[in-house]
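Novice: My structure is in structure01.csv, and what it holds is CSV, C-alpha atoms:
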```
chain,number,residue,atom,x,y,z
A,676,MET,CA,101.6,133.1,88.2
A,677,SER,CA,101.3,130.6,85.4
A,678,LYS,CA,104.3,128.7,84.0
A,679,PRO,CA,106.9,131.2,82.9
A,680,ASN,CA,107.5,131.9,79.2
A,681,VAL,CA,111.0,133.2,80.0
A,682,ILE,CA,113.4,132.6,82.9
A,683,ILE,CA,116.1,135.3,83.4
A,684,TYR,CA,119.2,134.8,85.6
A,685,THR,CA,121.1,137.9,86.5
A,686,ASP,CA,124.2,139.1,88.3
A,687,GLY,CA,126.3,142.2,88.7
A,688,ALA,CA,129.9,142.8,89.7
A,689,SER,CA,132.0,145.8,90.6
A,690,ARG,CA,135.7,146.0,91.2
A,691,GLY,CA,135.6,148.5,94.0
A,692,ASN,CA,132.4,150.2,94.9
A,693,PRO,CA,132.5,152.4,92.9
A,694,GLY,CA,134.9,151.0,90.3
A,695,PRO,CA,134.9,149.1,87.0
A,696,GLY,CA,131.9,146.9,86.8
A,697,GLY,CA,129.8,144.6,84.7
A,698,TYR,CA,126.6,142.6,84.5
A,699,GLY,CA,125.8,139.1,83.2
A,700,THR,CA,122.4,137.9,82.1
A,701,VAL,CA,121.1,134.5,80.9
A,702,LEU,CA,117.7,134.3,79.3
A,703,ILE,CA,116.1,130.9,78.8
A,704,ALA,CA,112.9,130.3,76.8
A,705,GLY,CA,112.1,126.7,76.1
A,706,ASN,CA,115.2,125.3,74.3
A,707,ASN,CA,116.5,128.8,73.5
A,708,ARG,CA,119.2,130.4,75.6
A,709,LYS,CA,120.9,133.8,75.2
A,710,GLU,CA,123.7,135.4,77.2
A,711,LEU,CA,124.3,139.1,77.6
A,712,SER,CA,127.0,141.1,79.3
A,713,GLN,CA,128.5,144.5,79.4
A,714,GLY,CA,131.3,146.2,81.3
A,715,TYR,CA,131.3,149.8,82.6
A,716,LYS,CA,134.2,152.1,83.5
A,717,ARG,CA,132.9,153.3,86.8
A,718,THR,CA,129.8,152.1,88.6
A,719,THR,CA,128.5,150.3,91.7
A,720,ASN,CA,127.6,146.7,92.4
A,721,ASN,CA,123.9,147.6,93.0
A,722,ARG,CA,123.7,149.4,89.6
A,723,MET,CA,125.1,146.4,87.9
A,724,GLU,CA,122.7,144.0,89.6
A,725,LEU,CA,119.9,146.2,88.4
A,726,MET,CA,121.4,146.6,84.9
A,727,ALA,CA,121.5,142.8,84.5
A,728,VAL,CA,117.7,142.7,85.1
A,729,ILE,CA,117.1,145.7,82.7
A,730,ALA,CA,119.2,144.1,80.0
A,731,GLY,CA,117.2,140.9,80.2
A,732,LEU,CA,113.9,142.7,80.0
A,733,GLU,CA,115.1,144.8,77.1
A,734,ALA,CA,116.0,141.7,75.2
A,735,LEU,CA,112.4,140.4,75.3
A,736,LYS,CA,110.7,140.7,71.9
A,737,LYS,CA,107.1,140.5,73.2
A,738,ASP,CA,105.0,142.1,75.9
A,739,GLY,CA,102.7,140.2,78.2
A,740,LEU,CA,105.1,137.4,79.0
A,741,HIS,CA,105.3,135.6,82.3
A,742,VAL,CA,108.9,136.1,83.4
A,743,VAL,CA,110.7,134.7,86.4
A,744,ILE,CA,113.9,136.6,87.3
A,745,TYR,CA,116.5,134.9,89.5
A,746,SER,CA,118.9,137.2,91.3
A,747,ASP,CA,121.4,136.9,94.1
A,748,SER,CA,120.8,140.6,94.9
A,749,LYS,CA,118.6,141.2,98.0
A,750,TYR,CA,118.6,144.9,97.0
A,751,VAL,CA,116.9,144.1,93.6
A,752,VAL,CA,114.6,141.3,94.8
A,753,ASP,CA,113.4,143.0,98.0
A,754,SER,CA,113.0,146.4,96.3
A,755,VAL,CA,110.4,144.8,93.9
A,756,GLU,CA,108.9,142.0,95.9
A,757,LYS,CA,108.4,144.0,99.1
A,758,GLY,CA,107.0,147.0,97.3
A,759,TRP,CA,109.8,149.4,98.2
A,760,LEU,CA,110.1,150.6,94.6
A,761,ASN,CA,106.4,151.6,94.5
A,762,THR,CA,107.0,153.8,97.5
A,763,TRP,CA,110.2,155.3,96.0
A,764,ILE,CA,108.4,156.2,92.9
A,765,ALA,CA,105.4,157.6,94.8
A,766,THR,CA,107.8,159.9,96.8
A,767,ASP,CA,110.1,160.7,93.8
A,768,PHE,CA,112.9,158.8,95.5
A,769,LYS,CA,112.8,161.2,98.5
A,770,GLY,CA,115.5,160.8,101.1
A,771,GLY,CA,118.4,160.2,98.6
A,772,LYS,CA,117.3,156.8,97.3
A,773,LYS,CA,119.9,155.8,94.8
A,774,ASN,CA,119.8,154.6,91.2
A,775,LYS,CA,116.6,156.5,90.3
A,776,ASP,CA,117.5,156.5,86.6
A,777,LEU,CA,117.8,152.7,86.5
A,778,TRP,CA,114.8,152.0,88.7
A,779,LEU,CA,112.6,154.2,86.5
A,780,ARG,CA,114.0,152.4,83.4
A,781,PHE,CA,113.2,149.0,85.1
A,782,TYR,CA,109.7,150.2,86.2
A,783,HIS,CA,108.6,151.0,82.6
A,784,LEU,CA,109.9,147.7,81.3
A,785,ALA,CA,108.3,145.8,84.2
A,786,LYS,CA,104.9,147.2,83.3
A,787,LYS,CA,105.0,145.3,80.0
A,788,GLN,CA,105.4,141.9,81.5
A,789,PHE,CA,104.2,139.7,84.4
A,790,LEU,CA,107.2,139.5,86.6
A,791,ARG,CA,108.2,137.4,89.6
A,792,PHE,CA,111.6,137.7,91.4
A,793,VAL,CA,113.3,134.8,93.2
A,794,TRP,CA,116.3,135.3,95.3
A,795,VAL,CA,119.1,132.7,94.9
A,796,LYS,CA,122.2,132.3,97.0
A,797,GLY,CA,125.2,133.7,95.1
A,798,HIS,CA,128.4,131.7,94.5
A,799,ALA,CA,126.5,128.5,95.3
A,800,ASP,CA,125.4,125.5,93.2
A,801,ASN,CA,123.1,127.3,90.8
A,802,GLN,CA,124.8,126.8,87.4
A,803,HIS,CA,123.0,129.7,85.7
A,804,ASN,CA,123.7,132.2,88.5
A,805,ASN,CA,127.3,131.1,88.5
A,806,ARG,CA,127.4,131.7,84.7
A,807,CYS,CA,126.0,135.2,85.2
A,808,ASP,CA,128.7,135.8,87.8
A,809,GLN,CA,131.3,134.7,85.3
A,810,LEU,CA,129.9,136.9,82.6
A,811,ALA,CA,129.7,139.9,84.9
A,812,THR,CA,133.2,139.6,86.2
A,813,GLU,CA,134.6,139.0,82.7
A,814,ALA,CA,132.8,142.1,81.5
A,815,ALA,CA,134.2,144.2,84.4
A,816,ASP,CA,137.7,142.9,83.7
A,817,SER,CA,137.5,143.0,79.9
A,818,GLY,CA,138.9,146.5,79.3
A,819,ILE,CA,136.0,147.0,76.9
A,820,LEU,CA,134.2,149.4,79.2
A,821,ILE,CA,131.5,152.0,78.5
A,822,GLU,CA,130.3,154.9,80.6
A,823,ASP,CA,127.6,154.3,83.1
A,824,GLU,CA,126.1,157.7,82.3
A,825,GLY,CA,123.5,157.7,85.1
A,826,PHE,CA,126.2,157.1,87.6
A,827,GLU,CA,128.7,159.6,86.1
A,828,SER,CA,126.0,162.3,85.8
A,829,LYS,CA,125.6,162.2,89.6
A,830,GLY,CA,129.3,162.9,90.0
A,831,GLY,CA,130.0,159.4,91.2
```
Translate the structure of the given file into C-alpha cells.

Specialist:
Amino acid sequence: MSKPNVIIYTDGASRGNPGPGGYGTVLIAGNNRKELSQGYKRTTNNRMELMAVIAGLEALKKDGLHVVIYSDSKYVVDSVEKGWLNTWIATDFKGGKKNKDLWLRFYHLAKKQFLRFVWVKGHADNQHNNRCDQLATEAADSGILIEDEGFESKGG
C-alpha cells in the first residue's frame, strides 16, 4: 500500500455488555484532524468498535483513498485482515455471526477505499488511541444517547 491519504484511529466502549456505549474516531489527513463520537442507549463493545470504523469511513469525502485504520479491537482487525468477513458474507452470516447490519455497512464503505488495518494495544502509549478511548467513554457517559437500531431490532 502506498503512503496513506488518511489515517483513522478508532475505539469503542460499552458500560455493560450490553449497556450504554459509544465510539470515538480520530481522522488525520496531512495537517487536518477531525474527531467524531456518539453515544448509544444500549449496545455492545464490539458494535461500538465497528461503529467507530464506519463513522470514520463515512466521514471521508472522496473515494479511492489509501486509508490506514488503527484499532485496539482484535475482533475488527482480524475479521477484515484474516478474511473472516468475506466468509461471513459468502455464507450470509450463517451460524449466528453477530453484527451483520454493521458488517454489511462497513463492507460497502470499504469497497470505495484502499484499506489496511493495524492493531494497536489499547490503554497504552498511543496518544491517538487514548484520545479515541476518551471520546468513546465520554460519549457512553454523556446522557445524550441514541438508539442502536440494529442492536435493538434483534431484541438485544

Novice: Need to verify the contact set: range 820-822 of chain A, 6 Å, all atoms listed in the file, exclusion of same-chain residues closer than 2 positions in sequence. Can you return it as an MDAnalysis selection string?

Specialist: chainID A and resid 714:716 818 824

Novice: How many Å lie between CA of Leu760 in chain A and CA of Gly687 in chain A, rounded to one decimal?

Specialist: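 Taking CA of Leu760 in chain A and CA of Gly687 in chain A, their separation equals 19.2 Å.
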
Novice: May I have the residues at most 10 Å from (123.8, 133.2, 88.7) in the file's coordinates, counting only C-alpha atoms, as a PyMOL selection string?

Specialist: chain A and resi 683-687+699-701+745-747+795-811

Novice: What does the distance between CA of Lys773 in chain A and CA of His741 in chain A come to in Å, to one decimal place?

Specialist: 27.9 Å

Novice: With distances taken over only C-alpha atoms, which residue among A:Lys772, A:His783, A:Ser712, A:Ile819 lies nearest Trp759 in chain A?

Specialist: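 Looking only at the distances to Trp759 in chain A, the closest residue turns out to be A:Lys772.
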
Novice: Have a look at A:Phe781, A:Val743, A:Lys769, A:Asn692 and name the one nearest to Ala727 in chain A; count all atoms listed in the file.

Specialist: A:Phe781
